[in-house]
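Here's run_30.cif, which has mmCIF, C-alpha atoms:
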```
data_final
loop_
_atom_site.label_atom_id
_atom_site.label_comp_id
_atom_site.auth_asym_id
_atom_site.auth_seq_id
_atom_site.Cartn_x
_atom_site.Cartn_y
_atom_site.Cartn_z
CA MET A 1 -16.38 -1.25 19.00
CA LEU A 2 -15.26 -2.87 15.75
CA THR A 3 -15.60 -0.73 12.66
CA LYS A 4 -17.54 -1.63 9.51
CA ARG A 5 -15.07 -2.63 6.82
CA ILE A 6 -14.57 -1.41 3.25
CA ILE A 7 -13.11 -4.22 1.16
CA PRO A 8 -12.11 -3.72 -2.47
CA CYS A 9 -12.19 -7.02 -4.37
CA LEU A 10 -9.62 -7.80 -7.03
CA ASP A 11 -10.66 -10.53 -9.48
CA VAL A 12 -7.44 -11.77 -11.02
CA LYS A 13 -7.15 -13.46 -14.41
CA ASP A 14 -3.80 -14.14 -16.10
CA ASN A 15 -2.07 -11.79 -13.65
CA ARG A 16 -4.41 -8.86 -14.37
CA VAL A 17 -7.29 -7.46 -12.34
CA VAL A 18 -10.52 -7.72 -14.31
CA LYS A 19 -14.15 -6.91 -13.61
CA GLY A 20 -17.28 -8.00 -15.42
CA VAL A 21 -21.06 -7.77 -15.16
CA ASN A 22 -22.97 -10.77 -13.79
CA PHE A 23 -19.65 -12.65 -13.95
CA LEU A 24 -19.30 -11.93 -17.73
CA ASN A 25 -17.83 -9.27 -20.10
CA LEU A 26 -14.53 -8.71 -18.28
CA ARG A 27 -12.81 -5.31 -18.32
CA ASP A 28 -9.13 -4.78 -17.44
CA ALA A 29 -8.53 -2.87 -14.19
CA GLY A 30 -4.76 -3.06 -13.78
CA ASP A 31 -1.91 -4.91 -12.10
CA PRO A 32 -2.97 -6.78 -8.92
CA VAL A 33 0.08 -5.86 -6.81
CA GLU A 34 0.03 -2.21 -7.88
CA LEU A 35 -3.71 -1.85 -7.35
CA GLY A 36 -3.54 -3.70 -4.02
CA ALA A 37 -0.75 -1.43 -2.77
CA ARG A 38 -2.73 1.62 -3.83
CA TYR A 39 -5.76 0.45 -1.86
CA SER A 40 -3.60 -0.39 1.15
CA ASP A 41 -2.11 3.12 1.06
CA SER A 42 -5.44 4.85 0.54
CA GLY A 43 -7.21 3.47 3.61
CA ALA A 44 -8.96 0.22 2.59
CA ASP A 45 -9.58 -2.02 5.63
CA GLU A 46 -8.93 -5.32 3.88
CA LEU A 47 -8.55 -6.72 0.38
CA VAL A 48 -9.86 -9.82 -1.33
CA PHE A 49 -7.99 -11.36 -4.27
CA LEU A 50 -9.96 -13.92 -6.26
CA ASP A 51 -8.18 -16.03 -8.83
CA ILE A 52 -10.89 -16.40 -11.44
CA THR A 53 -8.63 -18.40 -13.75
CA ALA A 54 -8.30 -21.04 -11.03
CA THR A 55 -6.62 -23.69 -13.12
CA ILE A 56 -3.84 -25.98 -11.95
CA ARG A 57 -1.42 -23.93 -14.03
CA SER A 58 -2.51 -20.67 -12.40
CA ARG A 59 -1.80 -21.93 -8.85
CA LYS A 60 1.90 -21.19 -8.88
CA THR A 61 1.23 -17.79 -10.44
CA ILE A 62 -1.17 -16.97 -7.60
CA VAL A 63 1.28 -18.00 -4.88
CA ASP A 64 3.93 -15.79 -6.49
CA MET A 65 1.42 -12.95 -6.66
CA VAL A 66 0.49 -13.40 -2.98
CA LYS A 67 4.15 -13.11 -2.01
CA ARG A 68 4.53 -9.89 -3.99
CA VAL A 69 1.27 -8.55 -2.56
CA ALA A 70 2.54 -9.28 0.97
CA GLU A 71 5.63 -7.18 0.30
CA ASN A 72 3.51 -4.18 -0.66
CA VAL A 73 0.19 -4.45 1.16
CA PHE A 74 0.04 -3.68 4.91
CA ILE A 75 -3.58 -4.53 5.64
CA PRO A 76 -5.10 -8.02 5.98
CA PHE A 77 -5.95 -9.73 2.72
CA THR A 78 -7.92 -12.83 1.72
CA VAL A 79 -7.10 -15.04 -1.26
CA GLY A 80 -9.58 -17.32 -2.98
CA GLY A 81 -10.40 -19.08 -6.22
CA GLY A 82 -9.85 -22.74 -6.99
CA ILE A 83 -8.68 -23.73 -3.50
CA ARG A 84 -9.23 -27.46 -3.07
CA THR A 85 -6.96 -28.60 -0.23
CA VAL A 86 -5.73 -27.68 3.23
CA GLU A 87 -2.17 -27.74 1.85
CA GLN A 88 -3.05 -25.03 -0.67
CA ILE A 89 -4.46 -22.90 2.16
CA ASP A 90 -1.29 -23.48 4.18
CA GLU A 91 0.83 -22.30 1.26
CA LEU A 92 -1.23 -19.12 0.80
CA LEU A 93 -1.16 -18.25 4.51
CA ARG A 94 2.59 -18.86 4.68
CA SER A 95 3.02 -16.60 1.65
CA GLY A 96 1.40 -13.74 3.55
CA ALA A 97 -2.37 -14.01 3.12
CA GLU A 98 -4.36 -13.49 6.31
CA LYS A 99 -7.30 -15.64 5.23
CA ALA A 100 -8.24 -18.07 2.47
CA SER A 101 -11.69 -18.32 0.95
CA VAL A 102 -13.22 -21.57 -0.23
CA ASN A 103 -16.24 -21.98 -2.48
CA THR A 104 -16.81 -24.87 -4.93
CA ALA A 105 -14.50 -27.33 -3.15
CA ALA A 106 -16.28 -26.70 0.17
CA VAL A 107 -19.64 -27.54 -1.43
CA GLN A 108 -18.18 -30.75 -2.85
CA ASN A 109 -16.30 -31.56 0.36
CA PRO A 110 -17.56 -29.66 3.44
CA ALA A 111 -14.85 -31.28 5.59
CA LEU A 112 -12.41 -28.90 3.89
CA ILE A 113 -13.86 -26.11 6.07
CA SER A 114 -13.55 -28.00 9.34
CA GLU A 115 -10.08 -29.32 8.57
CA ALA A 116 -8.81 -25.86 7.65
CA ALA A 117 -10.47 -24.27 10.71
CA LYS A 118 -8.90 -26.84 13.02
CA ARG A 119 -5.45 -26.38 11.54
CA PHE A 120 -5.29 -22.58 11.04
CA GLY A 121 -8.08 -21.23 13.27
CA ASN A 122 -11.61 -20.21 12.26
CA GLN A 123 -10.47 -16.65 11.58
CA CYS A 124 -8.40 -17.85 8.59
CA VAL A 125 -11.29 -19.57 6.82
CA VAL A 126 -13.75 -17.58 4.73
CA LEU A 127 -16.70 -19.37 3.15
CA ALA A 128 -17.48 -17.70 -0.17
CA ILE A 129 -21.01 -18.28 -1.43
CA ASP A 130 -22.23 -17.34 -4.92
CA ALA A 131 -25.98 -16.92 -4.55
CA ARG A 132 -28.70 -16.75 -7.20
CA ARG A 133 -32.35 -15.94 -6.58
CA SER A 134 -34.40 -19.09 -6.89
CA LYS A 135 -36.83 -19.01 -9.82
CA THR A 136 -39.08 -21.56 -8.19
CA ARG A 137 -39.05 -20.58 -4.49
CA THR A 138 -39.56 -16.88 -3.73
CA GLY A 139 -37.46 -15.53 -0.89
CA HIS A 140 -34.88 -18.26 -1.42
CA TRP A 141 -31.48 -18.32 -3.07
CA GLN A 142 -29.55 -21.23 -4.49
CA VAL A 143 -25.83 -21.85 -4.10
CA CYS A 144 -23.96 -21.79 -7.42
CA VAL A 145 -20.51 -23.32 -7.92
CA LYS A 146 -17.70 -23.29 -10.48
CA ALA A 147 -17.52 -19.49 -10.71
CA GLY A 148 -21.29 -19.31 -10.69
CA SER A 149 -21.70 -21.45 -13.79
CA GLU A 150 -23.37 -24.38 -12.03
CA PRO A 151 -26.47 -23.96 -9.87
CA THR A 152 -27.02 -26.52 -7.11
CA ASP A 153 -30.09 -27.46 -5.07
CA ILE A 154 -28.49 -26.15 -1.89
CA ASP A 155 -30.27 -23.30 -0.11
CA VAL A 156 -27.92 -20.38 0.61
CA VAL A 157 -29.14 -19.69 4.17
CA GLU A 158 -28.87 -23.37 5.11
CA TRP A 159 -25.39 -23.58 3.62
CA ALA A 160 -24.22 -20.47 5.46
CA LYS A 161 -25.42 -21.93 8.79
CA ARG A 162 -23.72 -25.22 8.04
CA GLY A 163 -20.52 -23.35 7.12
CA GLU A 164 -20.53 -21.59 10.47
CA ASP A 165 -21.05 -24.91 12.29
CA LEU A 166 -18.14 -26.41 10.36
CA GLY A 167 -15.85 -23.60 11.50
CA ALA A 168 -15.91 -20.85 8.88
CA GLY A 169 -14.94 -17.53 10.46
CA GLU A 170 -16.68 -15.32 7.95
CA ILE A 171 -19.12 -15.49 5.01
CA LEU A 172 -18.33 -13.73 1.74
CA LEU A 173 -21.77 -13.51 0.18
CA THR A 174 -21.98 -12.59 -3.50
CA SER A 175 -25.27 -11.97 -5.23
CA MET A 176 -24.85 -13.15 -8.80
CA ASP A 177 -27.99 -11.29 -9.80
CA ALA A 178 -26.55 -7.99 -8.60
CA ASP A 179 -22.86 -8.52 -9.39
CA GLY A 180 -21.36 -5.79 -11.55
CA THR A 181 -24.74 -4.10 -12.17
CA GLN A 182 -24.00 -1.22 -9.74
CA ALA A 183 -27.75 -1.26 -8.96
CA GLY A 184 -27.36 -2.03 -5.24
CA TYR A 185 -26.64 -5.08 -3.09
CA ASP A 186 -29.28 -7.79 -2.68
CA ASN A 187 -30.14 -6.82 0.89
CA ALA A 188 -32.92 -9.35 1.27
CA LEU A 189 -30.21 -11.96 0.72
CA ASN A 190 -27.74 -10.20 3.04
CA LYS A 191 -30.37 -9.90 5.76
CA ALA A 192 -31.50 -13.52 5.46
CA VAL A 193 -27.92 -14.74 5.90
CA SER A 194 -26.73 -12.23 8.53
CA ASP A 195 -29.81 -13.03 10.66
CA ALA A 196 -29.07 -16.75 10.40
CA VAL A 197 -25.38 -16.74 11.44
CA ASN A 198 -23.28 -15.16 14.20
CA ILE A 199 -20.10 -14.77 12.15
CA PRO A 200 -19.41 -11.63 10.08
CA VAL A 201 -21.06 -11.39 6.67
CA ILE A 202 -19.36 -9.52 3.83
CA ALA A 203 -21.94 -8.19 1.36
CA SER A 204 -20.78 -8.48 -2.24
CA GLY A 205 -22.22 -7.69 -5.66
CA GLY A 206 -24.05 -4.61 -6.85
CA ALA A 207 -22.37 -1.63 -5.19
CA GLY A 208 -22.92 1.48 -7.32
CA THR A 209 -23.49 4.40 -4.96
CA LEU A 210 -22.54 5.42 -1.44
CA ASP A 211 -26.14 4.80 -0.35
CA HIS A 212 -25.80 1.19 -1.44
CA LEU A 213 -22.94 0.68 1.01
CA TYR A 214 -24.97 2.17 3.86
CA ASP A 215 -28.01 0.06 2.98
CA ALA A 216 -25.98 -3.16 2.96
CA VAL A 217 -24.92 -2.50 6.56
CA VAL A 218 -28.17 -1.09 7.90
CA ASP A 219 -30.79 -3.04 5.89
CA GLY A 220 -28.66 -6.06 5.03
CA GLY A 221 -26.95 -6.41 8.43
CA ALA A 222 -23.53 -6.76 6.78
CA ASP A 223 -20.34 -6.28 8.81
CA ALA A 224 -18.34 -5.40 5.74
CA VAL A 225 -19.02 -4.27 2.20
CA LEU A 226 -17.09 -5.53 -0.77
CA MET A 227 -16.90 -3.67 -4.06
CA ALA A 228 -15.01 -3.74 -7.33
CA SER A 229 -16.43 -1.74 -10.24
CA ILE A 230 -17.15 1.46 -8.30
CA THR A 231 -13.68 1.69 -6.88
CA HIS A 232 -11.48 0.22 -9.65
CA PHE A 233 -12.90 2.57 -12.24
CA GLY A 234 -12.59 5.61 -10.01
CA ASN A 235 -16.20 6.46 -9.17
CA TYR A 236 -15.42 6.83 -5.46
CA THR A 237 -12.29 6.84 -3.35
CA ILE A 238 -12.04 4.74 -0.20
CA THR A 239 -11.95 7.93 1.88
CA GLN A 240 -15.15 9.22 0.28
CA MET A 241 -16.91 5.96 1.13
CA LYS A 242 -15.67 5.98 4.71
CA GLU A 243 -16.47 9.64 5.36
CA TYR A 244 -19.95 9.16 3.97
CA LEU A 245 -20.66 6.15 6.19
CA ARG A 246 -19.11 7.83 9.24
CA ASP A 247 -21.24 10.93 8.70
CA ARG A 248 -24.31 8.71 8.63
CA GLY A 249 -23.35 7.33 12.01
CA LEU A 250 -21.50 4.07 11.27
CA PRO A 251 -18.25 3.25 13.12
CA MET A 252 -15.45 3.53 10.55
CA ASN A 253 -11.65 3.31 10.62
CA LEU A 254 -10.74 6.82 9.53
CA MET B 1 20.23 -3.74 12.91
CA ILE B 2 16.88 -4.78 14.35
CA VAL B 3 16.64 -8.53 14.86
CA VAL B 4 13.24 -10.18 14.42
CA ILE B 5 13.29 -13.29 16.58
CA ASP B 6 12.86 -16.32 14.34
CA TYR B 7 10.93 -18.98 16.20
CA SER B 8 8.62 -20.30 13.47
CA VAL B 9 5.31 -19.18 14.89
CA GLY B 10 3.03 -17.88 12.19
CA ASN B 11 4.05 -15.64 9.38
CA VAL B 12 7.03 -13.63 10.69
CA GLU B 13 7.74 -12.58 7.10
CA SER B 14 4.87 -10.04 7.22
CA VAL B 15 6.63 -8.19 10.04
CA CYS B 16 9.94 -8.21 8.11
CA ASN B 17 8.16 -6.95 4.95
CA ALA B 18 6.68 -4.02 6.88
CA PHE B 19 10.04 -3.01 8.37
CA ARG B 20 11.72 -3.23 4.96
CA HIS B 21 8.94 -1.11 3.49
CA ILE B 22 9.73 1.74 5.89
CA GLY B 23 13.41 1.52 4.97
CA CYS B 24 14.56 -0.36 8.05
CA GLN B 25 16.81 -3.36 7.51
CA VAL B 26 15.90 -6.30 9.71
CA GLU B 27 17.39 -9.72 10.20
CA LEU B 28 15.44 -12.85 11.05
CA SER B 29 17.49 -14.78 13.61
CA ARG B 30 17.55 -16.65 16.92
CA ASP B 31 21.32 -16.72 17.22
CA PRO B 32 22.47 -15.42 20.68
CA ALA B 33 25.40 -13.54 19.11
CA GLN B 34 23.10 -11.71 16.67
CA ILE B 35 20.65 -10.94 19.47
CA ALA B 36 23.41 -9.53 21.68
CA LYS B 37 24.64 -7.07 19.06
CA ALA B 38 21.22 -5.94 17.74
CA THR B 39 19.99 -2.36 18.08
CA GLY B 40 16.53 -3.65 18.94
CA LEU B 41 14.50 -6.85 19.04
CA VAL B 42 11.08 -7.72 17.68
CA LEU B 43 9.17 -10.66 19.08
CA PRO B 44 6.37 -11.47 16.60
CA GLY B 45 3.93 -14.30 17.04
CA VAL B 46 0.74 -15.90 15.87
CA ALA B 47 0.08 -19.04 17.90
CA ALA B 48 -1.08 -20.21 21.31
CA PHE B 49 0.95 -18.83 24.23
CA GLY B 50 2.32 -22.16 25.50
CA TYR B 51 3.32 -23.26 22.02
CA ALA B 52 5.03 -19.91 21.34
CA MET B 53 6.96 -20.00 24.63
CA GLU B 54 8.14 -23.53 23.89
CA ALA B 55 9.15 -22.56 20.35
CA LEU B 56 11.12 -19.61 21.73
CA GLY B 57 13.03 -22.14 23.85
CA ASP B 58 16.71 -21.40 24.36
CA ALA B 59 16.36 -18.02 22.60
CA ALA B 60 14.53 -16.74 25.72
CA GLU B 61 17.68 -16.28 27.82
CA PRO B 62 19.69 -14.16 25.32
CA VAL B 63 16.55 -12.03 24.75
CA LYS B 64 16.08 -11.43 28.49
CA LYS B 65 19.78 -10.64 28.90
CA ALA B 66 19.78 -8.08 26.05
CA VAL B 67 16.61 -6.43 27.38
CA ALA B 68 18.07 -6.26 30.93
CA GLY B 69 21.02 -4.41 29.34
CA GLY B 70 18.62 -1.77 27.97
CA MET B 71 18.04 -3.02 24.41
CA PRO B 72 14.55 -1.99 23.13
CA ILE B 73 12.17 -4.87 22.43
CA LEU B 74 8.80 -4.81 20.68
CA GLY B 75 6.43 -7.72 21.25
CA ILE B 76 3.61 -8.13 18.71
CA CYS B 77 0.36 -10.02 19.41
CA VAL B 78 1.42 -13.27 21.13
CA GLY B 79 4.95 -11.81 21.28
CA HIS B 80 3.46 -8.97 23.36
CA GLN B 81 1.75 -11.49 25.62
CA LEU B 82 5.03 -13.38 26.14
CA LEU B 83 6.46 -10.27 27.85
CA PHE B 84 4.25 -10.94 30.91
CA ASP B 85 4.57 -13.31 33.86
CA GLU B 86 2.12 -15.95 32.76
CA SER B 87 -0.90 -16.88 30.64
CA THR B 88 -4.01 -18.91 31.33
CA GLU B 89 -4.36 -19.97 27.66
CA TYR B 90 -4.52 -23.79 27.72
CA GLY B 91 -2.41 -23.13 30.77
CA PRO B 92 -1.04 -21.90 33.12
CA HIS B 93 2.17 -21.21 31.19
CA LYS B 94 5.08 -19.06 32.32
CA GLY B 95 6.09 -16.10 30.15
CA LEU B 96 9.28 -14.04 30.03
CA GLY B 97 8.27 -12.06 33.13
CA LEU B 98 9.65 -8.76 31.81
CA ILE B 99 6.44 -6.93 32.81
CA HIS B 100 4.21 -7.99 35.68
CA GLY B 101 0.80 -9.15 34.60
CA THR B 102 -1.28 -12.13 33.53
CA VAL B 103 -2.64 -12.99 30.09
CA VAL B 104 -6.32 -13.92 30.36
CA GLY B 105 -9.21 -14.58 27.96
CA VAL B 106 -10.98 -11.66 26.28
CA PRO B 107 -14.25 -11.33 28.26
CA PRO B 108 -17.00 -12.75 26.00
CA VAL B 109 -19.12 -9.59 26.06
CA GLN B 110 -18.90 -9.52 22.27
CA THR B 111 -17.82 -12.20 19.79
CA VAL B 112 -14.43 -13.77 20.57
CA PRO B 113 -11.93 -13.64 18.85
CA HIS B 114 -11.72 -9.87 18.84
CA MET B 115 -11.04 -9.47 15.17
CA GLY B 116 -11.00 -6.38 13.00
CA TRP B 117 -10.25 -2.67 13.28
CA ASN B 118 -10.79 -1.07 16.65
CA GLN B 119 -9.92 2.32 18.10
CA VAL B 120 -7.06 2.53 20.59
CA GLN B 121 -6.87 5.47 23.00
CA LEU B 122 -3.29 6.70 22.88
CA PRO B 123 -2.10 8.31 26.10
CA LYS B 124 0.52 11.06 25.92
CA GLY B 125 4.03 9.96 26.76
CA MET B 126 4.03 6.55 25.05
CA ASP B 127 6.75 7.17 22.49
CA LEU B 128 5.63 4.23 20.32
CA PHE B 129 2.63 6.38 19.36
CA ALA B 130 4.46 9.65 18.70
CA GLY B 131 2.76 11.70 15.98
CA LEU B 132 -0.44 9.64 15.96
CA GLY B 133 -2.75 11.88 17.99
CA PRO B 134 -5.10 10.90 20.82
CA ALA B 135 -6.68 7.82 19.17
CA LYS B 136 -6.19 5.58 16.12
CA HIS B 137 -7.65 2.39 14.69
CA PHE B 138 -5.50 -0.72 14.55
CA TYR B 139 -6.08 -4.26 13.30
CA PHE B 140 -6.65 -6.88 16.03
CA ALA B 141 -6.96 -10.67 15.87
CA HIS B 142 -6.80 -12.31 19.30
CA SER B 143 -8.73 -14.19 21.99
CA TYR B 144 -6.48 -13.39 24.99
CA HIS B 145 -5.15 -10.12 26.40
CA ALA B 146 -2.82 -8.96 29.16
CA GLN B 147 -4.02 -7.74 32.53
CA VAL B 148 -1.14 -5.48 33.46
CA ASN B 149 -0.20 -5.40 37.13
CA ASP B 150 3.01 -3.38 37.08
CA PRO B 151 3.20 0.10 38.62
CA GLN B 152 6.08 0.99 36.28
CA ALA B 153 4.15 0.13 33.08
CA LYS B 154 2.07 2.49 30.94
CA THR B 155 -0.81 1.07 28.94
CA ALA B 156 -3.03 2.00 25.99
CA MET B 157 -6.51 0.52 26.02
CA VAL B 158 -9.14 -0.50 23.49
CA ASP B 159 -12.85 -0.94 24.19
CA TYR B 160 -14.47 -4.21 23.16
CA GLY B 161 -17.44 -4.32 25.48
CA SER B 162 -14.85 -4.28 28.24
CA PRO B 163 -11.45 -2.54 28.28
CA LEU B 164 -8.62 -4.62 26.77
CA THR B 165 -4.89 -3.88 26.86
CA ALA B 166 -3.85 -2.78 23.37
CA SER B 167 -0.30 -1.74 24.20
CA VAL B 168 2.17 -1.62 27.07
CA GLN B 169 5.45 0.14 27.74
CA LYS B 170 7.88 -0.25 30.62
CA GLY B 171 11.20 1.50 29.99
CA ASN B 172 12.78 -0.14 26.94
CA ILE B 173 10.11 -2.86 26.77
CA TYR B 174 7.21 -2.31 24.35
CA GLY B 175 4.26 -4.50 23.43
CA VAL B 176 1.32 -4.19 21.06
CA GLN B 177 -1.61 -6.60 21.05
CA PHE B 178 -2.66 -5.46 17.56
CA HIS B 179 -0.79 -6.12 14.31
CA PRO B 180 1.11 -2.97 13.27
CA GLU B 181 2.31 -4.81 10.16
CA LYS B 182 -1.35 -5.15 9.05
CA SER B 183 -2.57 -1.77 10.32
CA SER B 184 -1.97 0.37 7.26
CA ARG B 185 -0.26 3.78 7.59
CA GLN B 186 -0.76 4.10 11.34
CA GLY B 187 0.71 0.63 11.88
CA LEU B 188 3.76 1.49 9.80
CA GLN B 189 4.11 4.69 11.88
CA VAL B 190 4.32 2.57 15.05
CA LEU B 191 7.11 0.52 13.45
CA LYS B 192 8.88 3.72 12.35
CA ASN B 193 8.65 5.01 15.91
CA PHE B 194 10.16 1.79 17.21
CA HIS B 195 12.91 2.08 14.61
CA GLU B 196 13.62 5.61 15.91
CA ILE B 197 13.67 4.37 19.50
CA CYS B 198 16.28 1.76 18.50
CA ARG B 199 18.48 4.43 16.91
CA ARG B 200 18.66 6.57 20.04
#
```
Can the structure in the file be given as structure tokens, please?
Amino acid sequence: MLTKRIIPCLDVKDNRVVKGVNFLNLRDAGDPVELGARYSDSGADELVFLDITATIRSRKTIVDMVKRVAENVFIPFTVGGGIRTVEQIDELLRSGAEKASVNTAAVQNPALISEAAKRFGNQCVVLAIDARRSKTRTGHWQVCVKAGSEPTDIDVVEWAKRGEDLGAGEILLTSMDADGTQAGYDNALNKAVSDAVNIPVIASGGAGTLDHLYDAVVDGGADAVLMASITHFGNYTITQMKEYLRDRGLPMNL
Amino acid sequence: MIVVIDYSVGNVESVCNAFRHIGCQVELSRDPAQIAKATGLVLPGVAAFGYAMEALGDAAEPVKKAVAGGMPILGICVGHQLLFDESTEYGPHKGLGLIHGTVVGVPPVQTVPHMGWNQVQLPKGMDLFAGLGPAKHFYFAHSYHAQVNDPQAKTAMVDYGSPLTASVQKGNIYGVQFHPEKSSRQGLQVLKNFHEICRR
């Protein structure tokens, strides 16, 4: 049986890990390679690195970072942020990333997902979705792009299904409403998406307590839980999270 | 010196990084002279079986010769699958035939590919797993696995709705279906154990 995964997320800006609340008010959380190596050594199942600068100039910096991460991190890791082309994905995978995540560019050009899946295999392509509760339609969420700054008319559940059809191997689902609040994941959102697709869903945004992690798996149907604030700032260690979930009956890699 | 066979399938650099991290110098090469004087060989691989076998090409013979002479070899993922007689992946394709068995699709009891961390039962007496206890989780990413049909081979299994071969050993020939280079501390321990085996 596959285990449920604990995935620390490292948002990287100007070569530093940062973390904000609702995508704003960033706090420094350290050096990406150092922090990544520490998580790899302390039992994390995977890592996600998101380049939140995502400018043309930052691309080379990110590739260099991925190479240094690969020399020090011995668990699978995903890299995302500003990826627009299959060639960029190729470069990241060749530099040592296991998977690449696409977001805005996939909304603008869904063929990016299918082309990448065909070339590298579905397992290498993660569709990242930034979701915001719809103010007009209850029980619905809208896809936001450009680091969450631009809402679209696209329904999150529909987009996740389409992503799976196009060849995405996994959905990284971030609730913008919950992100950084440490008030719990949006499990209505997680459940709506995990019920709609057959590929793994990574719940993201809102982790604050150990109960939140459990709820995301059991109530939200998530295969993996992603977190930043609660682990970067030392609230819980990876082992504490895993032992807690194992003791409540979930299959964990311990 | 351990030689990692360089045959441009997937990211062989990850395997080299992991060996360097545990203080083991490795060389990436497909040169028959380098292969012949190595202390051990690593056959990595992320690709389809037929493609990998073709890419291995004329490096196959020196590898087989060294292994017949007793040199330890560790196959990883598709490199592990190449150790067997043949594969049905887009096939049939012939493998190196170092261990008898056939590579077949993972039974679709659960989602294929089998991807993520899964627990491998580690039988006593497989020296690749020395010091790791009776079971450990390793990171898998594959759609095919080996059905071992060799009375001289020992195997370690993983349960994914049906039993899959996670590792094989026959004398100096070792294979792991999972990725030790991506399997955290326990993965690095497997590589350390192989390094030790090569120093004997």
Query raised in the report: Care to translate the PyMOL selection byres ((chain B) within 7 of (chain A)) into actual residues of this file, as a list in words?
Result: Asn11, Ser14, Asn17, Ala18, Gly116, Trp117, Asn118, His137, Asp159, Tyr160, Glu181, Lys182, Ser183, Ser184 and Arg185 of chain B
The PyMOL selection byres ((chain B and resi 27-42) around 8) on the file shown: which residues, as a short mmCIF file (atom, residue, chain, number, x, y, z; two decimals) with C-alpha atoms, keeping the file's coordinate frame?
```
data_model
loop_
_atom_site.label_atom_id
_atom_site.label_comp_id
_atom_site.auth_asym_id
_atom_site.auth_seq_id
_atom_site.Cartn_x
_atom_site.Cartn_y
_atom_site.Cartn_z
CA MET B 1 20.23 -3.74 12.91
CA ILE B 2 16.88 -4.78 14.35
CA VAL B 3 16.64 -8.53 14.86
CA VAL B 4 13.24 -10.18 14.42
CA ILE B 5 13.29 -13.29 16.58
CA ASP B 6 12.86 -16.32 14.34
CA TYR B 7 10.93 -18.98 16.20
CA CYS B 16 9.94 -8.21 8.11
CA GLN B 25 16.81 -3.36 7.51
CA VAL B 26 15.90 -6.30 9.71
CA LEU B 43 9.17 -10.66 19.08
CA PRO B 44 6.37 -11.47 16.60
CA ALA B 59 16.36 -18.02 22.60
CA PRO B 62 19.69 -14.16 25.32
CA VAL B 63 16.55 -12.03 24.75
CA ALA B 66 19.78 -8.08 26.05
CA MET B 71 18.04 -3.02 24.41
CA PRO B 72 14.55 -1.99 23.13
CA ILE B 73 12.17 -4.87 22.43
CA LEU B 74 8.80 -4.81 20.68
CA GLY B 75 6.43 -7.72 21.25
CA ILE B 76 3.61 -8.13 18.71
CA CYS B 198 16.28 1.76 18.50
CA ARG B 199 18.48 4.43 16.91
#
```
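Relative to CA of Ile99 (chain B), CA of Asn149 (chain B) is found at 8.1 Å.
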Requested in this report: Go through A:Val86, A:Ile6, A:Val143, A:Val69 and flag the residue nearest Tyr214 (chain A), using only C-alpha atoms for the distances.
Outcome: A:Ile6
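Here the PyMOL selection byres ((chain A and resi 89) around 10) catches exactly these residues: Val79, Gly80, Ile83, Arg84, Thr85, Val86, Glu87, Gln88, Asp90, Glu91, Leu92, Leu93, Arg94, Ser95, Ala97, Lys99, Ala100, Ser101, Val102, Ala116, Phe120, Cys124 and Val125 of chain A.
Among B:Ser8, B:Ser87, B:Gln169, B:Gln81, the residue with the shortest atom-to-atom distance to Phe129 (chain B), counting all atoms listed in the file, is B:Gln169.
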Query raised in the report: Of the candidates B:Leu82, B:Cys24, B:Leu132, B:Leu188, which shows the shortest atom-to-atom distance to Lys64 (chain B), using only C-alpha atoms?
Result: B:Leu82
